[in-house]
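Participant: What follows is target29.pdb; its format and atoms are PDB, C-alpha atoms.
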ATOM      1  CA  MET T  25      82.846-176.757 -26.713
ATOM      2  CA  THR T  26      81.702-177.627 -23.203
ATOM      3  CA  PRO T  27      77.911-177.831 -22.819
ATOM      4  CA  ARG T  28      76.441-175.147 -20.613
ATOM      5  CA  PRO T  29      73.052-174.284 -19.188
ATOM      6  CA  TYR T  30      71.279-171.428 -20.954
ATOM      7  CA  THR T  31      68.568-170.591 -18.443
ATOM      8  CA  LEU T  32      68.363-170.216 -14.688
ATOM      9  CA  ILE T  33      64.851-170.819 -13.368
ATOM     10  CA  ALA T  34      64.656-169.057 -10.010
ATOM     11  CA  GLU T  35      61.641-170.225  -7.998
ATOM     12  CA  LEU T  36      61.640-167.400  -5.467
ATOM     13  CA  THR T  37      58.652-168.521  -3.407
ATOM     14  CA  TYR T  38      55.922-171.135  -3.510
ATOM     15  CA  ARG T  39      53.325-168.744  -2.075
ATOM     16  CA  CYS T  40      50.586-167.892  -4.585
ATOM     17  CA  PRO T  41      47.245-166.074  -4.349
ATOM     18  CA  LEU T  42      45.607-168.437  -6.839
ATOM     19  CA  GLY T  43      44.474-172.024  -6.563
ATOM     20  CA  CYS T  44      44.568-173.147 -10.177
ATOM     21  CA  VAL T  45      43.355-176.720 -10.528
ATOM     22  CA  TYR T  46      46.165-177.739 -12.891
ATOM     23  CA  CYS T  47      49.112-176.108 -11.105
ATOM     24  CA  SER T  48      52.131-178.141 -10.046
ATOM     25  CA  ASN T  49      53.227-175.581  -7.446
ATOM     26  CA  PRO T  50      53.705-177.338  -4.079
ATOM     27  CA  VAL T  51      50.725-176.617  -1.848
ATOM     28  CA  ASP T  52      52.379-177.622   1.430
ATOM     29  CA  ALA T  53      52.139-174.489   3.618
ATOM     30  CA  LYS T  54      55.546-175.169   5.184
ATOM     31  CA  LEU T  55      57.227-175.092   1.772
ATOM     32  CA  GLY T  56      55.538-171.781   1.023
ATOM     33  CA  GLU T  57      57.325-170.099   3.905
ATOM     34  CA  ARG T  58      60.828-171.339   3.040
ATOM     35  CA  ARG T  59      62.915-169.043   0.874
ATOM     36  CA  LEU T  60      66.466-168.264  -0.091
ATOM     37  CA  GLU T  61      67.712-164.911   1.133
ATOM     38  CA  PRO T  62      68.584-162.210  -1.443
ATOM     39  CA  VAL T  63      72.332-162.576  -0.796
ATOM     40  CA  VAL T  64      72.084-166.250  -1.787
ATOM     41  CA  TRP T  65      70.082-165.475  -4.944
ATOM     42  CA  THR T  66      72.641-162.786  -5.848
ATOM     43  CA  ARG T  67      75.439-165.345  -5.537
ATOM     44  CA  VAL T  68      73.427-167.829  -7.624
ATOM     45  CA  LEU T  69      72.873-165.213 -10.354
ATOM     46  CA  ARG T  70      76.590-164.360 -10.444
ATOM     47  CA  GLU T  71      77.594-168.026 -10.569
ATOM     48  CA  ALA T  72      75.054-168.683 -13.327
ATOM     49  CA  ALA T  73      76.379-165.782 -15.408
ATOM     50  CA  ALA T  74      79.933-167.057 -14.910
ATOM     51  CA  LEU T  75      78.806-170.476 -16.214
ATOM     52  CA  GLY T  76      77.498-168.818 -19.381
ATOM     53  CA  VAL T  77      73.792-168.771 -18.539
ATOM     54  CA  LEU T  78      71.995-166.272 -20.774
ATOM     55  CA  GLN T  79      68.572-165.934 -19.122
ATOM     56  CA  ALA T  80      67.125-165.632 -15.625
ATOM     57  CA  HIS T  81      63.464-166.626 -15.235
ATOM     58  CA  PHE T  82      61.911-165.410 -11.967
ATOM     59  CA  THR T  83      58.963-167.559 -11.020
ATOM     60  CA  GLY T  84      57.299-169.288  -8.096
ATOM     61  CA  GLY T  85      54.429-169.480  -6.830
ATOM     62  CA  GLU T  86      54.037-165.772  -7.147
ATOM     63  CA  PRO T  87      57.467-164.104  -7.566
ATOM     64  CA  LEU T  88      55.919-160.680  -6.897
ATOM     65  CA  LEU T  89      55.575-161.768  -3.249
ATOM     66  CA  TYR T  90      59.363-161.946  -2.948
ATOM     67  CA  ARG T  91      60.146-158.505  -1.486
ATOM     68  CA  GLU T  92      63.569-158.194  -3.091
ATOM     69  CA  LEU T  93      62.461-159.140  -6.606
ATOM     70  CA  ASP T  94      63.270-155.706  -8.061
ATOM     71  CA  ALA T  95      66.853-155.913  -6.770
ATOM     72  CA  LEU T  96      67.297-159.415  -8.198
ATOM     73  CA  VAL T  97      66.036-158.285 -11.609
ATOM     74  CA  ALA T  98      68.473-155.357 -11.478
ATOM     75  CA  GLU T  99      71.360-157.660 -10.529
ATOM     76  CA  ALA T 100      70.549-160.115 -13.320
ATOM     77  CA  SER T 101      70.295-157.261 -15.815
ATOM     78  CA  LEU T 102      73.660-155.843 -14.703
ATOM     79  CA  LEU T 103      75.164-159.290 -15.249
ATOM     80  CA  GLY T 104      73.903-159.194 -18.840
ATOM     81  CA  LEU T 105      71.192-161.815 -18.331
ATOM     82  CA  TYR T 106      67.915-161.641 -20.228
ATOM     83  CA  THR T 107      65.334-161.244 -17.462
ATOM     84  CA  ASN T 108      61.945-162.893 -17.536
ATOM     85  CA  LEU T 109      59.195-162.651 -14.921
ATOM     86  CA  ILE T 110      56.450-165.272 -14.637
ATOM     87  CA  PRO T 111      53.845-163.831 -12.227
ATOM     88  CA  SER T 112      50.156-164.470 -11.734
ATOM     89  CA  GLY T 113      49.714-160.725 -12.191
ATOM     90  CA  VAL T 114      47.021-160.608  -9.517
ATOM     91  CA  SER T 115      48.752-158.100  -7.251
ATOM     92  CA  LEU T 116      50.805-156.306  -9.900
ATOM     93  CA  GLU T 117      50.258-152.561 -10.120
ATOM     94  CA  ARG T 118      51.520-150.402 -12.959
ATOM     95  CA  ASP T 119      54.046-148.517 -10.806
ATOM     96  CA  ARG T 120      55.630-151.809  -9.684
ATOM     97  CA  LEU T 121      55.822-152.954 -13.302
ATOM     98  CA  GLU T 122      57.494-149.641 -14.206
ATOM     99  CA  ARG T 123      60.049-150.168 -11.418
ATOM    100  CA  LEU T 124      60.742-153.678 -12.714
ATOM    101  CA  ALA T 125      61.131-152.317 -16.251
ATOM    102  CA  ASN T 126      63.564-149.673 -14.963
ATOM    103  CA  ALA T 127      65.465-152.421 -13.127
ATOM    104  CA  GLY T 128      65.963-154.198 -16.451
ATOM    105  CA  LEU T 129      63.000-156.524 -16.887
ATOM    106  CA  ASP T 130      63.025-157.748 -20.491
ATOM    107  CA  HIS T 131      60.067-160.105 -20.642
ATOM    108  CA  LEU T 132      56.879-161.006 -18.794
ATOM    109  CA  GLN T 133      55.011-164.294 -19.130
ATOM    110  CA  LEU T 134      51.427-163.984 -17.968
ATOM    111  CA  SER T 135      49.180-166.998 -17.503
ATOM    112  CA  VAL T 136      45.546-166.880 -18.481
ATOM    113  CA  GLN T 137      43.232-169.583 -17.213
ATOM    114  CA  GLY T 138      40.675-169.054 -19.945
ATOM    115  CA  ALA T 139      39.362-166.551 -22.450
ATOM    116  CA  SER T 140      36.716-165.012 -20.202
ATOM    117  CA  GLU T 141      36.078-163.917 -16.639
ATOM    118  CA  SER T 142      33.835-166.921 -15.993
ATOM    119  CA  SER T 143      36.337-169.540 -17.158
ATOM    120  CA  SER T 144      39.154-167.748 -15.384
ATOM    121  CA  LEU T 145      37.151-167.776 -12.157
ATOM    122  CA  ARG T 146      36.333-171.458 -12.606
ATOM    123  CA  PHE T 147      40.019-172.455 -12.868
ATOM    124  CA  ALA T 148      41.840-169.835 -10.743
ATOM    125  CA  HIS T 149      39.153-169.574  -8.052
ATOM    126  CA  ARG T 150      39.457-165.770  -8.035
ATOM    127  CA  PRO T 151      38.092-163.033 -10.329
ATOM    128  CA  VAL T 152      41.421-162.194 -11.974
ATOM    129  CA  PHE T 153      40.675-161.956 -15.695
ATOM    130  CA  ALA T 154      40.267-158.147 -15.878
ATOM    131  CA  GLN T 155      43.471-157.639 -13.865
ATOM    132  CA  LYS T 156      45.404-159.937 -16.192
ATOM    133  CA  LEU T 157      44.204-157.914 -19.183
ATOM    134  CA  ARG T 158      45.366-154.711 -17.442
ATOM    135  CA  VAL T 159      48.797-156.232 -16.760
ATOM    136  CA  ALA T 160      49.085-157.335 -20.398
ATOM    137  CA  ARG T 161      48.192-153.825 -21.597
ATOM    138  CA  TRP T 162      50.701-152.165 -19.209
ATOM    139  CA  THR T 163      53.401-154.608 -20.265
ATOM    140  CA  LYS T 164      52.972-153.716 -23.911
ATOM    141  CA  GLU T 165      52.739-149.966 -23.140
ATOM    142  CA  LEU T 166      56.064-150.157 -21.271
ATOM    143  CA  GLY T 167      57.757-151.943 -24.161
ATOM    144  CA  ILE T 168      58.333-155.174 -22.253
ATOM    145  CA  ALA T 169      58.094-158.369 -24.313
ATOM    146  CA  LEU T 170      54.937-160.308 -23.424
ATOM    147  CA  THR T 171      54.049-163.968 -23.664
ATOM    148  CA  LEU T 172      50.629-165.281 -22.704
ATOM    149  CA  ASN T 173      50.693-168.771 -21.221
ATOM    150  CA  ALA T 174      47.534-170.845 -21.326
ATOM    151  CA  VAL T 175      47.142-174.352 -19.997
ATOM    152  CA  LEU T 176      44.670-176.182 -22.188
ATOM    153  CA  HIS T 177      42.815-179.192 -20.866
ATOM    154  CA  ARG T 178      39.517-180.947 -21.442
ATOM    155  CA  GLN T 179      37.619-178.421 -19.298
ATOM    156  CA  ASN T 180      38.671-175.379 -21.348
ATOM    157  CA  PHE T 181      39.698-176.822 -24.718
ATOM    158  CA  ASP T 182      36.480-175.493 -26.236
ATOM    159  CA  GLU T 183      37.943-171.987 -25.669
ATOM    160  CA  LEU T 184      41.070-172.640 -27.766
ATOM    161  CA  GLU T 185      40.128-170.234 -30.570
ATOM    162  CA  ALA T 186      39.085-167.550 -28.077
ATOM    163  CA  VAL T 187      42.390-167.913 -26.169
ATOM    164  CA  ILE T 188      44.326-167.525 -29.436
ATOM    165  CA  ALA T 189      42.248-164.454 -30.318
ATOM    166  CA  LEU T 190      42.943-163.016 -26.865
ATOM    167  CA  ALA T 191      46.681-163.500 -27.383
ATOM    168  CA  GLU T 192      46.507-161.821 -30.768
TER     169      GLU T 192
END
Hey, can you dump this file as structure tokens for me?

Facilitator:
Amino acid sequence: MTPRPYTLIAELTYRCPLGCVYCSNPVDAKLGERRLEPVVWTRVLREAAALGVLQAHFTGGEPLLYRELDALVAEASLLGLYTNLIPSGVSLERDRLERLANAGLDHLQLSVQGASESSSLRFAHRPVFAQKLRVARWTKELGIALTLNAVLHRQNFDELEAVIALAE
């Protein structure tokens, strides 16, 4: 059997509304403006499916800033790919999440910077904790699989148990 890739990681944009201290997203403003056009991403999705890829992970920066995200999720779903979105959640509204679900979104990975508003603010540099909790609740209500991502480091490791409790 010939080895094949299982996952396509589609970094749609490097633009992001957050400034998380641990993030590896390129911060060069010129990179943030470069993007592949939807027709190119559609071709990439089709080629990936033909190679036997099983999953498409839409990420960035903030993939919600890519205007044609809904269409890409729909295309990936039509190709039989398991679709996963990895947003910050900051600008996500429930109606947009419903549209993504209707387009075929299977899974959402939401990052939390800590287990409280204060730690989230300290690491993301924006008051986003309450919004992330709303997004998590909407995701579950819409029947979309949810994963919470949390980067643990020496400045928030004391919150490990609280982060686990939040995920539960």

Participant: Any chance you could resolve the PyMOL selection byres ((chain T and resi 170) around 8) against this file and give the residues as a PDB file with C-alpha atoms, keeping the file's coordinate frame?

Facilitator:
ATOM      1  CA  HIS T 131      60.067-160.105 -20.642  1.00  0.00           C
ATOM      2  CA  LEU T 132      56.879-161.006 -18.794  1.00  0.00           C
ATOM      3  CA  GLN T 133      55.011-164.294 -19.130  1.00  0.00           C
ATOM      4  CA  LEU T 134      51.427-163.984 -17.968  1.00  0.00           C
ATOM      5  CA  ALA T 160      49.085-157.335 -20.398  1.00  0.00           C
ATOM      6  CA  THR T 163      53.401-154.608 -20.265  1.00  0.00           C
ATOM      7  CA  LYS T 164      52.972-153.716 -23.911  1.00  0.00           C
ATOM      8  CA  ILE T 168      58.333-155.174 -22.253  1.00  0.00           C
ATOM      9  CA  ALA T 169      58.094-158.369 -24.313  1.00  0.00           C
ATOM     10  CA  THR T 171      54.049-163.968 -23.664  1.00  0.00           C
ATOM     11  CA  LEU T 172      50.629-165.281 -22.704  1.00  0.00           C
TER      12      LEU T 172
END

Participant: Decode the PyMOL selection byres ((chain T and resi 108-119) around 10) for the given file into explicit residues and return them as an mmCIF file with C-alpha atoms, in the coordinates of the input.

Facilitator:
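File part.cif, as written:
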data_model
loop_
_atom_site.group_PDB
_atom_site.id
_atom_site.type_symbol
_atom_site.label_atom_id
_atom_site.label_comp_id
_atom_site.auth_asym_id
_atom_site.auth_seq_id
_atom_site.Cartn_x
_atom_site.Cartn_y
_atom_site.Cartn_z
ATOM 1 C CA ILE T 33 64.851 -170.819 -13.368
ATOM 2 C CA ALA T 34 64.656 -169.057 -10.010
ATOM 3 C CA GLU T 35 61.641 -170.225 -7.998
ATOM 4 C CA CYS T 40 50.586 -167.892 -4.585
ATOM 5 C CA PRO T 41 47.245 -166.074 -4.349
ATOM 6 C CA LEU T 42 45.607 -168.437 -6.839
ATOM 7 C CA GLN T 79 68.572 -165.934 -19.122
ATOM 8 C CA ALA T 80 67.125 -165.632 -15.625
ATOM 9 C CA HIS T 81 63.464 -166.626 -15.235
ATOM 10 C CA PHE T 82 61.911 -165.410 -11.967
ATOM 11 C CA THR T 83 58.963 -167.559 -11.020
ATOM 12 C CA GLY T 84 57.299 -169.288 -8.096
ATOM 13 C CA GLY T 85 54.429 -169.480 -6.830
ATOM 14 C CA GLU T 86 54.037 -165.772 -7.147
ATOM 15 C CA PRO T 87 57.467 -164.104 -7.566
ATOM 16 C CA LEU T 88 55.919 -160.680 -6.897
ATOM 17 C CA LEU T 89 55.575 -161.768 -3.249
ATOM 18 C CA LEU T 93 62.461 -159.140 -6.606
ATOM 19 C CA VAL T 97 66.036 -158.285 -11.609
ATOM 20 C CA ALA T 100 70.549 -160.115 -13.320
ATOM 21 C CA LEU T 105 71.192 -161.815 -18.331
ATOM 22 C CA TYR T 106 67.915 -161.641 -20.228
ATOM 23 C CA THR T 107 65.334 -161.244 -17.462
ATOM 24 C CA ARG T 120 55.630 -151.809 -9.684
ATOM 25 C CA LEU T 121 55.822 -152.954 -13.302
ATOM 26 C CA GLU T 122 57.494 -149.641 -14.206
ATOM 27 C CA ARG T 123 60.049 -150.168 -11.418
ATOM 28 C CA LEU T 124 60.742 -153.678 -12.714
ATOM 29 C CA ALA T 125 61.131 -152.317 -16.251
ATOM 30 C CA GLY T 128 65.963 -154.198 -16.451
ATOM 31 C CA LEU T 129 63.000 -156.524 -16.887
ATOM 32 C CA ASP T 130 63.025 -157.748 -20.491
ATOM 33 C CA HIS T 131 60.067 -160.105 -20.642
ATOM 34 C CA LEU T 132 56.879 -161.006 -18.794
ATOM 35 C CA GLN T 133 55.011 -164.294 -19.130
ATOM 36 C CA LEU T 134 51.427 -163.984 -17.968
ATOM 37 C CA SER T 135 49.180 -166.998 -17.503
ATOM 38 C CA VAL T 136 45.546 -166.880 -18.481
ATOM 39 C CA ALA T 148 41.840 -169.835 -10.743
ATOM 40 C CA ARG T 150 39.457 -165.770 -8.035
ATOM 41 C CA PRO T 151 38.092 -163.033 -10.329
ATOM 42 C CA VAL T 152 41.421 -162.194 -11.974
ATOM 43 C CA PHE T 153 40.675 -161.956 -15.695
ATOM 44 C CA ALA T 154 40.267 -158.147 -15.878
ATOM 45 C CA GLN T 155 43.471 -157.639 -13.865
ATOM 46 C CA LYS T 156 45.404 -159.937 -16.192
ATOM 47 C CA LEU T 157 44.204 -157.914 -19.183
ATOM 48 C CA ARG T 158 45.366 -154.711 -17.442
ATOM 49 C CA VAL T 159 48.797 -156.232 -16.760
ATOM 50 C CA ALA T 160 49.085 -157.335 -20.398
ATOM 51 C CA ARG T 161 48.192 -153.825 -21.597
ATOM 52 C CA TRP T 162 50.701 -152.165 -19.209
ATOM 53 C CA THR T 163 53.401 -154.608 -20.265
ATOM 54 C CA LEU T 166 56.064 -150.157 -21.271
ATOM 55 C CA ILE T 168 58.333 -155.174 -22.253
ATOM 56 C CA ALA T 169 58.094 -158.369 -24.313
ATOM 57 C CA LEU T 170 54.937 -160.308 -23.424
ATOM 58 C CA THR T 171 54.049 -163.968 -23.664
ATOM 59 C CA LEU T 172 50.629 -165.281 -22.704
ATOM 60 C CA ASN T 173 50.693 -168.771 -21.221
#

Participant: Just the number, please: distance in Å from CA of Glu71 (chain T) to CA of Ala95 (chain T), one decimal.

Facilitator: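 Distance between the two atoms: 16.6 Å.
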
Participant: Hey, what comes out of the PyMOL selection byres ((chain T and resi 69) around 9) on this file? Could you write it as JSON, numbers by chain?

Facilitator: {"T": [32, 64, 65, 66, 67, 68, 70, 71, 72, 73, 74, 77, 80, 96, 99, 100, 103, 105]}

Participant: For CA of Val175 (chain T) and CA of Glu92 (chain T), quote the distance in Å rounded to one decimal.

Facilitator: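 Spanning CA of Val175 (chain T) to CA of Glu92 (chain T) is a straight-line distance of 28.6 Å.
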
Participant: Let me make sure I understand: among T:Leu145, T:Ala127, T:Leu60, T:Ala191, which one has the smallest atom-to-atom distance to Tyr90 (chain T) if we use only C-alpha atoms?

Facilitator: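 That would be T:Leu60, the residue with the smallest distance to Tyr90 (chain T).
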
Participant: For a quick check of understanding, using all atoms listed in the file, which of T:Ser101, T:Thr26, T:Thr37, T:Ser143 has the smallest distance to Gly76 (chain T)?

Facilitator: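 Going through T:Ser101, T:Thr26, T:Thr37, T:Ser143 one by one, the smallest distance to Gly76 (chain T) is for T:Thr26.
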
Participant: Considering all atoms listed in the file, return as a ChimeraX atom specification whatever protein or nucleic-acid residues lie within 9 Å of Gly138 (chain T), sequence-local ones (same chain, fewer than 6 positions apart) excluded.

Facilitator: /T:144-147,153,174-176,180,183-184,186-187

Participant: What's the separation between CA of Leu78 (chain T) and CA of Glu192 (chain T), in Å to one decimal place?

Facilitator: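 Between CA of Leu78 (chain T) and CA of Glu192 (chain T) the gap is 27.7 Å.
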
Participant: Would you list the contacts of Leu75 (chain T) as an NGL selection string, taking every protein, DNA or RNA residue within 9 Å and counting all atoms listed in the file, but skipping same-chain residues closer than 5 positions in sequence?

Facilitator: :T and (28-30 or 70)
